[in-house]
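Shown next: work14.csv, containing CSV, C-alpha atoms.
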```csv
chain,number,residue,atom,x,y,z
A,1,MET,CA,-5.3,0.4,27.3
A,2,LEU,CA,-1.9,1.9,28.1
A,3,GLU,CA,1.5,0.7,29.1
A,4,LEU,CA,4.3,3.2,29.8
A,5,GLU,CA,8.0,2.5,29.6
A,6,PHE,CA,11.0,4.8,30.2
A,7,ASN,CA,14.5,4.1,28.8
A,8,ASP,CA,17.3,6.4,27.7
A,9,SER,CA,15.3,9.6,27.8
A,10,VAL,CA,12.5,8.0,25.8
A,11,LEU,CA,9.0,7.6,27.2
A,12,THR,CA,7.1,5.0,25.2
A,13,ALA,CA,3.4,4.8,25.5
A,14,HIS,CA,2.1,1.4,24.2
A,15,LEU,CA,-1.6,2.1,23.3
A,16,LYS,CA,-4.0,-0.8,23.2
A,17,GLY,CA,-7.6,-1.5,22.3
A,18,GLU,CA,-10.0,1.3,21.4
A,19,LEU,CA,-9.0,4.9,21.3
A,20,ASP,CA,-12.1,7.1,21.6
A,21,HIS,CA,-13.1,10.2,23.5
A,22,HIS,CA,-13.4,8.5,26.8
A,23,THR,CA,-10.2,6.4,26.7
A,24,ALA,CA,-8.2,9.2,25.1
A,25,ALA,CA,-8.9,11.5,28.1
A,26,VAL,CA,-7.6,8.9,30.6
A,27,ILE,CA,-4.6,8.1,28.4
A,28,ARG,CA,-3.8,11.8,28.0
A,29,LYS,CA,-3.7,12.4,31.7
A,30,LYS,CA,-1.4,9.4,32.4
A,31,ILE,CA,1.0,10.3,29.6
A,32,ASP,CA,1.1,14.0,30.6
A,33,SER,CA,1.7,13.2,34.3
A,34,LYS,CA,4.5,10.8,33.5
A,35,ALA,CA,6.1,13.2,31.0
A,36,GLU,CA,6.0,16.1,33.5
A,37,MET,CA,7.7,13.9,36.1
A,38,LEU,CA,10.4,12.3,33.9
A,39,LYS,CA,11.0,15.1,31.3
A,40,PRO,CA,11.8,12.7,28.4
A,41,ARG,CA,13.6,13.9,25.4
A,42,THR,CA,11.3,11.8,23.2
A,43,LEU,CA,7.7,10.6,23.6
A,44,GLU,CA,7.0,7.6,21.5
A,45,LEU,CA,3.4,6.7,20.9
A,46,ASP,CA,3.2,3.1,19.8
A,47,TYR,CA,-0.1,2.5,18.0
A,48,SER,CA,0.5,-1.2,17.2
A,49,GLY,CA,-2.2,-2.4,19.7
A,50,VAL,CA,-4.9,0.1,18.6
A,51,GLN,CA,-7.8,-1.8,17.1
A,52,PHE,CA,-10.2,1.2,16.7
A,53,MET,CA,-9.6,5.0,16.7
A,54,ASP,CA,-11.7,8.0,16.1
A,55,SER,CA,-10.5,11.6,15.9
A,56,SER,CA,-9.5,11.5,19.6
A,57,GLY,CA,-6.4,9.5,18.5
A,58,ILE,CA,-5.3,12.4,16.3
A,59,GLY,CA,-6.1,14.9,19.2
A,60,LEU,CA,-3.9,12.8,21.5
A,61,ILE,CA,-1.0,13.1,19.1
A,62,MET,CA,-1.5,16.9,18.6
A,63,GLY,CA,-1.7,17.6,22.3
A,64,ARG,CA,1.4,15.6,23.1
A,65,TYR,CA,3.2,17.2,20.2
A,66,ARG,CA,2.5,20.6,21.7
A,67,GLN,CA,3.4,19.5,25.3
A,68,MET,CA,6.7,18.0,24.2
A,69,SER,CA,7.5,21.0,22.0
A,70,LEU,CA,7.1,23.2,25.1
A,71,MET,CA,9.4,20.9,27.0
A,72,GLY,CA,12.0,20.9,24.3
A,73,GLY,CA,11.3,17.4,23.2
A,74,GLU,CA,9.8,15.5,20.3
A,75,VAL,CA,7.1,13.1,19.5
A,76,LYS,CA,7.3,9.9,17.4
A,77,VAL,CA,4.3,7.9,16.3
A,78,THR,CA,5.3,4.3,15.6
A,79,ASN,CA,3.8,1.1,14.4
A,80,VAL,CA,0.7,2.5,12.9
A,81,PRO,CA,-1.5,-0.4,11.7
A,82,PRO,CA,-2.7,-0.4,8.1
A,83,HIS,CA,-6.3,0.1,9.1
A,84,LEU,CA,-5.4,3.4,10.8
A,85,LYS,CA,-3.1,4.8,8.1
A,86,LYS,CA,-6.0,6.3,6.1
A,87,ILE,CA,-7.2,8.2,9.2
A,88,PHE,CA,-3.6,9.5,9.7
A,89,SER,CA,-3.3,10.5,6.1
A,90,LEU,CA,-6.7,12.3,5.9
A,91,SER,CA,-5.9,14.2,9.1
A,92,GLY,CA,-2.7,15.8,7.7
A,93,ILE,CA,-0.8,14.8,10.8
A,94,GLU,CA,1.9,13.4,8.5
A,95,THR,CA,3.0,17.0,7.8
A,96,LEU,CA,4.4,17.3,11.4
A,97,GLY,CA,6.9,14.6,10.6
A,98,VAL,CA,6.0,12.5,13.7
A,99,ILE,CA,5.0,9.3,11.9
A,100,LYS,CA,7.9,6.9,11.9
```
Output the structure of this file as structure tokens.
Amino acid sequence: MLELEFNDSVLTAHLKGELDHHTAAVIRKKIDSKAEMLKPRTLELDYSGVQFMDSSGIGLIMGRYRQMSLMGGEVKVTNVPPHLKKIFSLSGIETLGVIK
């Protein structure tokens, strides 16, 4: 579901499995708690292990983007699998410049 790693002011959240309304709420709380504690410069959301995602996955990014902006940091979304790229494209999230 979620693995967190912190190195050189980068908090990396390795997301795994299904990302829906229920799992996104749990993941959001864990990421927010760790980010508040560690104050990373960058939050990297690694989507390589996500097999299914609904709009909650976009909401997860948007909320973390806002949180990191308030903390003076940035969000990077990495390793987006091909089966999720269309969802990201349709959402317009690419305009934020977070997809790497």
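Compared by their closest atoms to Val50 of chain A, and using only C-alpha atoms, the residues A:Glu18, A:Glu74, A:Glu36, A:Glu5 rank with A:Glu18 nearest.
Remark: for Phe6 of chain A, the closest of the candidate residues A:Gly73, A:Pro40, A:Gly92, A:Gly63 is A:Pro40 (distances computed over all atoms listed in the file).
Comparing A:Leu60, A:Leu43, A:Ile31, A:Leu15 by their smallest distance to Val80 of chain A, the closest is A:Leu15 (using only C-alpha atoms).
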Check your understanding: Of the candidates A:Phe88, A:Glu3, A:Asp8, A:Lys16, which shows the shortest atom-to-atom distance to Asp54 of chain A, using only C-alpha atoms?
Key -> A:Phe88
Practice item. Could you please determine the separation between atom CA of Lys34 of chain A and atom CA of Leu2 of chain A in Å, to one decimal place? Key: 12.2 Å
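Remark: for Pro81 of chain A, the closest of the candidate residues A:Leu96, A:Met68, A:Ile58, A:Met53 is A:Met53 (distances computed over only C-alpha atoms).
For the pair atom CA of Ile87 of chain A and atom CA of Gln51 of chain A, the separation is 12.8 Å.
Minimum atom-to-atom distances from A:His21, A:His83, A:Arg64, A:His14 to Thr42 of chain A were compared using all atoms listed in the file, and the lowest value belongs to A:Arg64.
For the atom pair formed by atom CA of Val10 of chain A and atom CA of Lys100 of chain A, the distance is 14.7 Å, given to one decimal.
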Review point. Need the neighbours of (-4.5, 4.2, 31.2): which residues are at most 6 Å away, counting only C-alpha atoms, as JSON, numbers by chain?
Key: {"A": [1, 2, 26, 27]}
